[in-house]
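Trainee: Provided below: my_file.txt, containing compact mmCIF, C-alpha atoms.
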# COMPACT_ATOMS: atom_id res chain seq x y z
CA MET A 1 0.00 0.00 0.00
CA VAL A 2 2.83 2.37 0.95
CA LEU A 3 4.66 1.54 -2.29
CA LYS A 4 1.50 2.22 -4.29
CA LYS A 5 1.11 5.67 -2.68
CA LEU A 6 4.77 6.49 -3.35
CA LEU A 7 4.36 5.43 -6.98
CA VAL A 8 1.32 7.70 -7.44
CA LEU A 9 3.18 10.59 -5.79
CA CYS A 10 6.20 10.16 -8.07
CA MET A 11 3.98 10.12 -11.15
CA CYS A 12 2.27 13.36 -10.03
CA VAL A 13 5.63 15.07 -9.45
CA MET A 14 6.88 13.98 -12.90
CA THR A 15 3.70 15.30 -14.50
CA VAL A 16 4.14 18.69 -12.82
CA PHE A 17 7.77 18.95 -13.97
CA SER A 18 6.77 17.93 -17.50
CA LEU A 19 4.10 20.63 -17.68
CA ALA A 20 6.51 23.21 -16.29
CA ALA A 21 9.11 22.29 -18.91
CA CYS A 22 6.56 22.63 -21.70
CA SER A 23 5.47 25.98 -20.33
CA SER A 24 9.03 27.33 -20.05
CA SER A 25 9.93 26.29 -23.62
CA LYS A 26 7.09 28.37 -25.03
CA GLY A 27 8.30 31.93 -25.78
CA SER A 28 11.89 31.23 -24.82
CA GLY A 29 13.36 32.49 -28.10
CA ASP A 30 14.13 36.10 -29.05
CA GLY A 31 10.88 36.78 -30.85
CA GLY A 32 10.78 33.41 -32.60
CA LYS A 33 7.63 31.49 -33.54
CA GLY A 34 5.64 30.78 -30.45
CA ASP A 35 7.15 33.75 -28.61
CA ASP A 36 4.65 36.09 -26.99
CA LYS A 37 6.80 39.09 -27.95
CA LEU A 38 5.92 41.10 -31.01
CA LYS A 39 8.42 41.24 -33.84
CA ILE A 40 8.88 43.63 -36.77
CA GLY A 41 10.68 42.60 -39.96
CA ILE A 42 12.61 45.38 -41.72
CA SER A 43 13.77 44.86 -45.33
CA LEU A 44 16.01 47.56 -46.81
CA PRO A 45 18.56 47.96 -49.61
CA SER A 46 22.23 47.69 -48.68
CA ALA A 47 24.36 50.82 -48.15
CA THR A 48 27.03 52.12 -45.79
CA HIS A 49 26.94 55.83 -46.62
CA GLY A 50 24.89 58.55 -48.28
CA TRP A 51 21.10 58.88 -48.07
CA MET A 52 20.44 55.14 -47.90
CA GLY A 53 23.17 54.59 -45.34
CA ALA A 54 21.60 57.27 -43.14
CA LEU A 55 18.16 55.69 -43.62
CA ILE A 56 19.43 52.27 -42.53
CA ASP A 57 21.02 53.81 -39.41
CA SER A 58 17.78 55.64 -38.62
CA ALA A 59 15.71 52.46 -39.02
CA GLU A 60 17.91 50.43 -36.71
CA LYS A 61 18.10 53.20 -34.11
CA GLN A 62 14.30 53.48 -34.02
CA ALA A 63 13.90 49.70 -33.85
CA LYS A 64 16.37 49.51 -30.94
CA ASP A 65 14.52 52.29 -29.11
CA LEU A 66 11.21 50.44 -29.51
CA LYS A 67 12.74 47.19 -28.30
CA LYS A 68 13.97 48.98 -25.20
CA SER A 69 10.79 50.96 -24.52
CA ASP A 70 8.09 48.54 -25.70
CA GLY A 71 9.82 45.16 -25.77
CA ILE A 72 9.21 44.75 -29.52
CA ASN A 73 11.82 42.60 -31.26
CA TYR A 74 13.00 43.23 -34.80
CA VAL A 75 14.90 41.59 -37.64
CA LEU A 76 16.75 43.92 -40.04
CA THR A 77 17.85 42.65 -43.46
CA ASN A 78 19.78 44.40 -46.25
CA ALA A 79 19.85 43.40 -49.91
CA THR A 80 21.97 44.43 -52.88
CA ASP A 81 19.43 43.43 -55.54
CA PRO A 82 15.70 42.63 -55.91
CA ASN A 83 16.25 38.84 -55.88
CA LYS A 84 18.09 39.00 -52.55
CA GLN A 85 15.39 41.26 -51.14
CA ALA A 86 12.68 38.83 -52.26
CA ASN A 87 14.53 36.01 -50.46
CA ASP A 88 14.87 38.19 -47.37
CA ILE A 89 11.10 38.72 -47.35
CA ASP A 90 10.51 34.97 -47.62
CA ASP A 91 12.69 34.52 -44.53
CA LEU A 92 10.78 37.21 -42.63
CA ILE A 93 7.45 35.60 -43.52
CA SER A 94 8.74 32.21 -42.34
CA GLN A 95 9.78 33.80 -39.03
CA ASP A 96 6.15 34.77 -38.49
CA VAL A 97 6.85 38.48 -37.97
CA ASP A 98 3.88 40.64 -37.00
CA VAL A 99 4.56 43.51 -39.44
CA ILE A 100 7.04 44.10 -42.28
CA VAL A 101 8.65 47.44 -43.15
CA MET A 102 10.08 47.43 -46.68
CA LEU A 103 11.90 49.89 -48.91
CA PRO A 104 11.71 48.18 -52.32
CA ILE A 105 14.94 48.26 -54.33
CA GLU A 106 12.80 48.38 -57.48
CA SER A 107 9.07 49.07 -57.51
CA ALA A 108 8.02 46.66 -60.27
CA ALA A 109 10.30 43.79 -59.23
CA LEU A 110 9.13 43.86 -55.61
CA THR A 111 5.41 44.31 -56.34
CA PRO A 112 4.72 40.51 -56.41
CA VAL A 113 6.66 40.23 -53.14
CA GLY A 114 4.38 42.82 -51.59
CA GLN A 115 1.39 40.74 -52.68
CA LYS A 116 2.97 37.66 -51.07
CA ILE A 117 3.24 39.56 -47.79
CA LYS A 118 -0.41 40.59 -48.03
CA ASP A 119 -1.50 37.03 -48.86
CA ALA A 120 0.38 35.84 -45.76
CA GLY A 121 -1.82 38.15 -43.70
CA ILE A 122 1.08 40.34 -42.58
CA PRO A 123 0.61 44.15 -42.53
CA LEU A 124 3.11 45.96 -44.77
CA VAL A 125 4.56 49.45 -44.30
CA ILE A 126 6.30 50.70 -47.44
CA VAL A 127 8.99 53.40 -47.26
CA ASP A 128 10.04 55.75 -50.06
CA ARG A 129 9.50 53.68 -53.24
CA GLU A 130 5.92 52.55 -53.81
CA LEU A 131 4.70 49.22 -55.16
CA GLU A 132 2.51 48.92 -58.25
CA ASN A 133 -0.38 47.29 -56.38
CA ASP A 134 -2.37 47.88 -53.19
CA ALA A 135 -0.42 45.45 -50.99
CA ALA A 136 0.82 48.17 -48.64
CA THR A 137 -1.09 48.85 -45.44
CA VAL A 138 0.63 52.24 -45.12
CA VAL A 139 3.08 54.14 -47.37
CA VAL A 140 5.56 56.63 -45.87
CA LYS A 141 7.32 58.76 -48.45
CA GLY A 142 8.59 62.21 -49.37
CA ASP A 143 6.73 64.41 -51.83
CA ASN A 144 8.50 63.09 -54.91
CA GLU A 145 6.27 64.80 -57.44
CA GLY A 146 6.58 68.00 -55.43
CA ILE A 147 10.37 67.77 -55.69
CA GLY A 148 10.11 67.61 -59.48
CA VAL A 149 7.55 70.40 -59.69
CA ASN A 150 9.51 72.71 -57.37
CA ALA A 151 12.74 72.01 -59.25
CA GLY A 152 11.04 72.76 -62.58
CA LYS A 153 9.71 76.08 -61.27
CA TYR A 154 13.19 76.94 -59.98
CA PHE A 155 14.68 76.25 -63.42
CA ILE A 156 12.13 78.42 -65.20
CA GLU A 157 12.71 81.28 -62.76
CA LYS A 158 16.52 81.18 -62.76
CA LEU A 159 16.83 80.64 -66.55
CA ASN A 160 14.14 83.20 -67.36
CA GLY A 161 12.27 80.52 -69.31
CA LYS A 162 15.11 79.83 -71.77
CA GLY A 163 17.97 77.36 -71.88
CA LYS A 164 19.33 73.86 -72.44
CA VAL A 165 18.89 71.50 -69.52
CA VAL A 166 20.13 68.04 -68.55
CA GLU A 167 18.19 65.63 -66.32
CA ILE A 168 19.94 62.91 -64.29
CA THR A 169 17.37 60.38 -63.06
CA GLY A 170 17.34 57.47 -60.63
CA PRO A 171 16.83 53.73 -61.27
CA PRO A 172 13.39 52.30 -62.17
CA SER A 173 11.10 53.09 -59.23
CA SER A 174 8.13 55.19 -58.21
CA VAL A 175 10.56 57.81 -56.85
CA THR A 176 12.23 58.26 -60.23
CA GLU A 177 8.94 58.26 -62.09
CA GLN A 178 7.26 60.80 -59.82
CA ARG A 179 10.19 63.22 -59.64
CA GLY A 180 10.57 63.07 -63.40
CA LYS A 181 6.85 63.57 -63.94
CA GLY A 182 6.74 66.62 -61.68
CA PHE A 183 9.76 68.18 -63.37
CA LYS A 184 8.32 67.58 -66.83
CA GLU A 185 4.94 69.03 -65.90
CA ALA A 186 6.53 72.20 -64.54
CA MET A 187 8.82 72.58 -67.55
CA GLU A 188 5.92 72.29 -69.97
CA SER A 189 4.80 75.77 -68.94
CA SER A 190 7.91 77.17 -70.66
CA ASP A 191 8.47 76.74 -74.39
CA GLY A 192 12.00 78.15 -74.20
CA ILE A 193 13.62 75.41 -72.10
CA GLU A 194 14.81 72.23 -73.81
CA VAL A 195 15.83 69.02 -72.02
CA ILE A 196 18.71 67.96 -74.26
CA ALA A 197 19.64 64.79 -72.32
CA SER A 198 18.00 62.58 -69.69
CA GLN A 199 19.95 59.60 -68.34
CA SER A 200 19.98 57.47 -65.21
CA GLY A 201 22.65 57.96 -62.60
CA ASP A 202 21.24 55.09 -60.48
CA PHE A 203 21.21 57.32 -57.36
CA SER A 204 24.99 56.85 -57.36
CA THR A 205 27.69 59.54 -57.21
CA GLU A 206 30.12 57.38 -59.20
CA LYS A 207 27.59 56.44 -61.90
CA SER A 208 26.42 60.04 -62.23
CA LEU A 209 30.01 61.22 -62.66
CA GLU A 210 30.47 58.77 -65.52
CA VAL A 211 27.14 59.62 -67.15
CA MET A 212 27.73 63.36 -66.91
CA GLN A 213 31.21 63.02 -68.42
CA ASN A 214 29.62 61.50 -71.53
CA ILE A 215 26.89 64.14 -71.67
CA LEU A 216 29.46 66.94 -71.42
CA GLN A 217 31.43 65.46 -74.31
CA ALA A 218 28.29 65.23 -76.44
CA ASN A 219 26.98 68.74 -75.69
CA SER A 220 29.07 71.88 -76.05
CA HIS A 221 26.58 74.07 -74.19
CA ILE A 222 24.45 73.28 -71.15
CA ASP A 223 22.74 75.86 -68.96
CA ALA A 224 21.72 73.79 -65.93
CA VAL A 225 21.42 70.24 -64.58
CA PHE A 226 18.49 68.77 -62.64
CA THR A 227 19.46 65.71 -60.60
CA GLN A 228 16.93 63.63 -58.70
CA ASP A 229 19.29 63.00 -55.79
CA ASP A 230 21.98 64.91 -53.87
CA GLY A 231 24.52 62.11 -54.27
CA MET A 232 24.08 62.30 -58.03
CA ALA A 233 24.41 66.10 -57.86
CA LEU A 234 27.86 65.63 -56.32
CA GLY A 235 28.89 63.29 -59.15
CA VAL A 236 27.66 65.79 -61.73
CA LEU A 237 29.53 68.58 -59.94
CA GLN A 238 32.78 66.60 -60.06
CA ALA A 239 32.37 65.88 -63.79
CA ILE A 240 31.82 69.56 -64.55
CA LYS A 241 34.86 70.59 -62.50
CA GLU A 242 37.09 67.99 -64.13
CA ALA A 243 35.95 69.11 -67.59
CA GLY A 244 36.61 72.74 -66.74
CA ARG A 245 33.19 73.77 -68.02
CA THR A 246 32.03 77.30 -67.23
CA ASP A 247 28.78 77.39 -69.24
CA ILE A 248 26.68 75.59 -66.62
CA LYS A 249 24.93 78.07 -64.32
CA PHE A 250 23.65 75.73 -61.62
CA ILE A 251 22.82 72.20 -60.45
CA THR A 252 19.89 71.14 -58.27
CA GLY A 253 19.52 67.99 -56.18
CA ALA A 254 17.13 66.31 -53.76
CA GLY A 255 17.56 64.86 -50.30
CA GLY A 256 19.26 67.44 -48.11
CA GLY A 257 22.79 66.02 -47.92
CA LYS A 258 25.48 67.68 -45.78
CA ALA A 259 28.00 67.94 -48.63
CA VAL A 260 25.39 69.65 -50.83
CA PHE A 261 24.56 72.11 -48.05
CA GLU A 262 28.27 72.86 -47.68
CA ASN A 263 28.58 73.54 -51.41
CA MET A 264 25.69 76.02 -51.12
CA LYS A 265 27.26 77.73 -48.12
CA GLU A 266 30.43 78.19 -50.21
CA ASP A 267 28.33 79.64 -53.06
CA GLY A 268 29.18 76.63 -55.22
CA LEU A 269 27.48 75.36 -58.36
CA ILE A 270 24.74 73.45 -56.49
CA LYS A 271 22.22 76.22 -55.92
CA ALA A 272 19.15 74.35 -54.64
CA THR A 273 18.01 71.05 -53.20
CA PHE A 274 14.68 69.77 -51.91
CA LEU A 275 14.36 68.04 -48.57
CA TYR A 276 13.73 64.31 -48.56
CA SER A 277 14.99 63.21 -45.19
CA PRO A 278 16.16 59.62 -44.64
CA THR A 279 14.74 59.90 -41.11
CA MET A 280 11.27 59.31 -42.62
CA VAL A 281 11.94 55.61 -41.97
CA LYS A 282 11.59 56.30 -38.23
CA ASP A 283 7.94 57.16 -38.83
CA ALA A 284 7.53 53.92 -40.77
CA VAL A 285 9.00 51.80 -37.94
CA LYS A 286 6.85 53.62 -35.34
CA ILE A 287 3.73 53.00 -37.44
CA ALA A 288 4.70 49.33 -37.80
CA ALA A 289 5.05 49.04 -34.02
CA GLU A 290 1.59 50.51 -33.45
CA ILE A 291 0.08 48.13 -36.03
CA ALA A 292 1.85 45.20 -34.37
CA LYS A 293 0.26 46.22 -31.06
CA GLY A 294 -3.18 46.12 -32.68
CA SER A 295 -3.76 49.75 -33.65
CA LYS A 296 -5.02 50.80 -37.07
CA SER A 297 -3.19 53.57 -38.89
CA GLU A 298 -5.32 56.65 -39.43
CA GLU A 299 -3.59 57.35 -42.74
CA LYS A 300 -2.92 55.09 -45.72
CA MET A 301 -0.36 57.56 -47.11
CA VAL A 302 2.09 59.70 -45.08
CA VAL A 303 3.83 62.31 -47.26
CA LYS A 304 6.75 64.50 -46.13
CA GLU A 305 6.95 68.02 -47.57
CA ALA A 306 9.51 68.81 -50.31
CA THR A 307 10.97 71.97 -48.75
CA GLN A 308 13.27 73.99 -51.02
CA VAL A 309 16.71 74.79 -49.60
CA THR A 310 19.01 77.44 -51.11
CA LYS A 311 21.86 79.56 -49.77
CA ASP A 312 19.25 81.85 -48.21
CA ASN A 313 17.95 79.22 -45.76
CA VAL A 314 20.65 76.53 -45.75
CA ASP A 315 21.80 77.43 -42.22
CA ASP A 316 18.34 76.46 -40.95
CA HIS A 317 18.85 72.89 -42.17
CA TYR A 318 22.60 72.27 -42.06
CA ASP A 319 23.82 69.81 -39.41
CA PRO A 320 27.62 69.39 -39.31
CA GLU A 321 27.14 66.11 -37.37
CA SER A 322 24.82 64.56 -39.95
CA LYS A 323 25.85 61.23 -41.48
CA PHE A 324 24.15 62.20 -44.74
Would you write the structure of this file as structure tokens?

Mentor:
Amino acid sequence: MVLKKLLVLCMCVMTVFSLAACSSSKGSGDGGKGDDKLKIGISLPSATHGWMGALIDSAEKQAKDLKKSDGINYVLTNATDPNKQANDIDDLISQDVDVIVMLPIESAALTPVGQKIKDAGIPLVIVDRELENDAATVVVKGDNEGIGVNAGKYFIEKLNGKGKVVEITGPPSSVTEQRGKGFKEAMESSDGIEVIASQSGDFSTEKSLEVMQNILQANSHIDAVFTQDDGMALGVLQAIKEAGRTDIKFITGAGGGKAVFENMKEDGLIKATFLYSPTMVKDAVKIAAEIAKGSKSEEKMVVKEATQVTKDNVDDHYDPESKF
């Protein structure tokens, strides 16, 4: 009888320990499947400097702050091409993240990936470059068309409605399309300005230098250059300096880079840029965190203003400590 009671007691104790072990294994990972903690997936292009480098730093800083303040985990991935980014998204989906923040390397190429995220039932916050479908829950971007329109108006004013202009565009994306569209629309109000060349600089200083060198060789007279990005403006500036050209009156950019601001302060050839801060990604990560916690975003589209910066107001925006 005593042995029988001891046997029953041992079995009860083993059952309790077994249940405790099962309970402790649930949620033991750092945001893994089965973890009670929320987790945000962040998929961005790869960069170590410039506008994109600053955006990546801003995204990670905001994600770290949220992890500390709200206990929300995150996984940050970087890709050099659309195929790698698509694979990164597959990995994030398999990790059962609660929300995904994505800056598509190319709009068209990543549109099916956006649909895959939506089909998986995961909310999607898009930053900067839009998709070609309605997969996004929220889009956070700068006023790309406004950048183009404001630049076009600046050109018409400074050239008195007459001149030969070059356009340096970005790679295939909604950003490139919208900035180009805005610029074209503004320029159409002046019959005296001719866009004599329009080529992609891939949002790269090095590529824009190379492209502008070829354009300078092919055109003996150019009045001004519109670039869709401050990094490209710096490449164009270098090409003009190396060629010793004095016919070009000004260059404009977009983004609000420190080196561009410094050129303005020195009364250099870059006369205007239009703000498009990489810190916009912080808003995207914050929105993702609120969605993960169960809130619904009040806005489907969050658009940052395309403020014009020239020598007259550059001191209001210049930050000597900025990484961009």

Trainee: Give me the region 152-220 of chain A side of the contact with region 139-146 of chain A, cut-off 8 Å, one line per residue showing its nearest atom pair and distance in Å at one decimal, counting all atoms listed in the file, sorted by chain and residue number, as a tab-separated table.

Mentor:
residue	atom	partner	partner_atom	distance
A:Val175	CA	A:Asn144	CA	6.0
A:Gln178	CA	A:Glu145	CA	4.8
A:Arg179	CA	A:Glu145	CA	4.8
A:Gly180	CA	A:Glu145	CA	7.6
A:Lys181	CA	A:Glu145	CA	6.6
A:Gly182	CA	A:Glu145	CA	4.6
A:Phe183	CA	A:Glu145	CA	7.7

Trainee: Can you tell me which residues surround region 151-168 of chain A at a distance of at most 7 Å, considering all atoms listed in the file, apart from same-chain residues fewer than 2 positions away, and format the answer as a ChimeraX atom specification?

Mentor: /A:147-149,183,186-187,190,192-201,222-228

Trainee: Starting from the point (21.6, 53.7, -38.4), work out which residues of protein, DNA or RNA have an atom no more than 12 Å away when counting all atoms listed in the file; state them as a PDB file with C-alpha atoms, keeping the file's coordinate frame.

Mentor:
ATOM      1  CA  LEU A  44      16.010  47.560 -46.810  1.00  0.00           C
ATOM      2  CA  SER A  46      22.230  47.690 -48.680  1.00  0.00           C
ATOM      3  CA  ALA A  47      24.360  50.820 -48.150  1.00  0.00           C
ATOM      4  CA  THR A  48      27.030  52.120 -45.790  1.00  0.00           C
ATOM      5  CA  HIS A  49      26.940  55.830 -46.620  1.00  0.00           C
ATOM      6  CA  GLY A  50      24.890  58.550 -48.280  1.00  0.00           C
ATOM      7  CA  TRP A  51      21.100  58.880 -48.070  1.00  0.00           C
ATOM      8  CA  MET A  52      20.440  55.140 -47.900  1.00  0.00           C
ATOM      9  CA  GLY A  53      23.170  54.590 -45.340  1.00  0.00           C
ATOM     10  CA  ALA A  54      21.600  57.270 -43.140  1.00  0.00           C
ATOM     11  CA  LEU A  55      18.160  55.690 -43.620  1.00  0.00           C
ATOM     12  CA  ILE A  56      19.430  52.270 -42.530  1.00  0.00           C
ATOM     13  CA  ASP A  57      21.020  53.810 -39.410  1.00  0.00           C
ATOM     14  CA  SER A  58      17.780  55.640 -38.620  1.00  0.00           C
ATOM     15  CA  ALA A  59      15.710  52.460 -39.020  1.00  0.00           C
ATOM     16  CA  GLU A  60      17.910  50.430 -36.710  1.00  0.00           C
ATOM     17  CA  LYS A  61      18.100  53.200 -34.110  1.00  0.00           C
ATOM     18  CA  GLN A  62      14.300  53.480 -34.020  1.00  0.00           C
ATOM     19  CA  ALA A  63      13.900  49.700 -33.850  1.00  0.00           C
ATOM     20  CA  LYS A  64      16.370  49.510 -30.940  1.00  0.00           C
ATOM     21  CA  ASP A  65      14.520  52.290 -29.110  1.00  0.00           C
ATOM     22  CA  LEU A  76      16.750  43.920 -40.040  1.00  0.00           C
ATOM     23  CA  PRO A 278      16.160  59.620 -44.640  1.00  0.00           C
ATOM     24  CA  THR A 279      14.740  59.900 -41.110  1.00  0.00           C
ATOM     25  CA  VAL A 281      11.940  55.610 -41.970  1.00  0.00           C
ATOM     26  CA  LYS A 282      11.590  56.300 -38.230  1.00  0.00           C
ATOM     27  CA  SER A 322      24.820  64.560 -39.950  1.00  0.00           C
ATOM     28  CA  LYS A 323      25.850  61.230 -41.480  1.00  0.00           C
ATOM     29  CA  PHE A 324      24.150  62.200 -44.740  1.00  0.00           C
TER      30      PHE A 324
END

Trainee: Take CA of Asp90 (chain A) and CA of Ser173 (chain A) and report the distance between them in Å, one decimal.

Mentor: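 Computing it gives 21.5 Å between the two atoms.
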
Trainee: The centre and edge lengths of an axis-aligned box containing all atoms of region 164-178 of chain A present in the file, extended by 4 Å on each side, are to be given in Å to one decimal, as JSON.

Mentor:
{"center_x": 13.7, "center_y": 63.1, "center_z": -64.6, "size_x": 20.9, "size_y": 29.6, "size_z": 23.6}

Trainee: As an exercise, work out the distance from CA of Asp202 (chain A) to CA of Pro171 (chain A) in Å and give it to one decimal place.

Mentor: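 A separation of 4.7 Å between them.
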
Trainee: Which is closer to Thr310 (chain A) than all the others in A:Lys207, A:His221, A:Lys296, A:Lys271, using all atoms listed in the file?

Mentor: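 Once distances to Thr310 (chain A) are computed over all atoms listed in the file, the minimum belongs to A:Lys271.
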
Trainee: Could you tell me how far CA of Ala239 (chain A) sits from CA of Leu209 (chain A), in Å to one decimal place?

Mentor: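 Spanning CA of Leu209 (chain A) to CA of Ala239 (chain A) is a straight-line distance of 5.3 Å.
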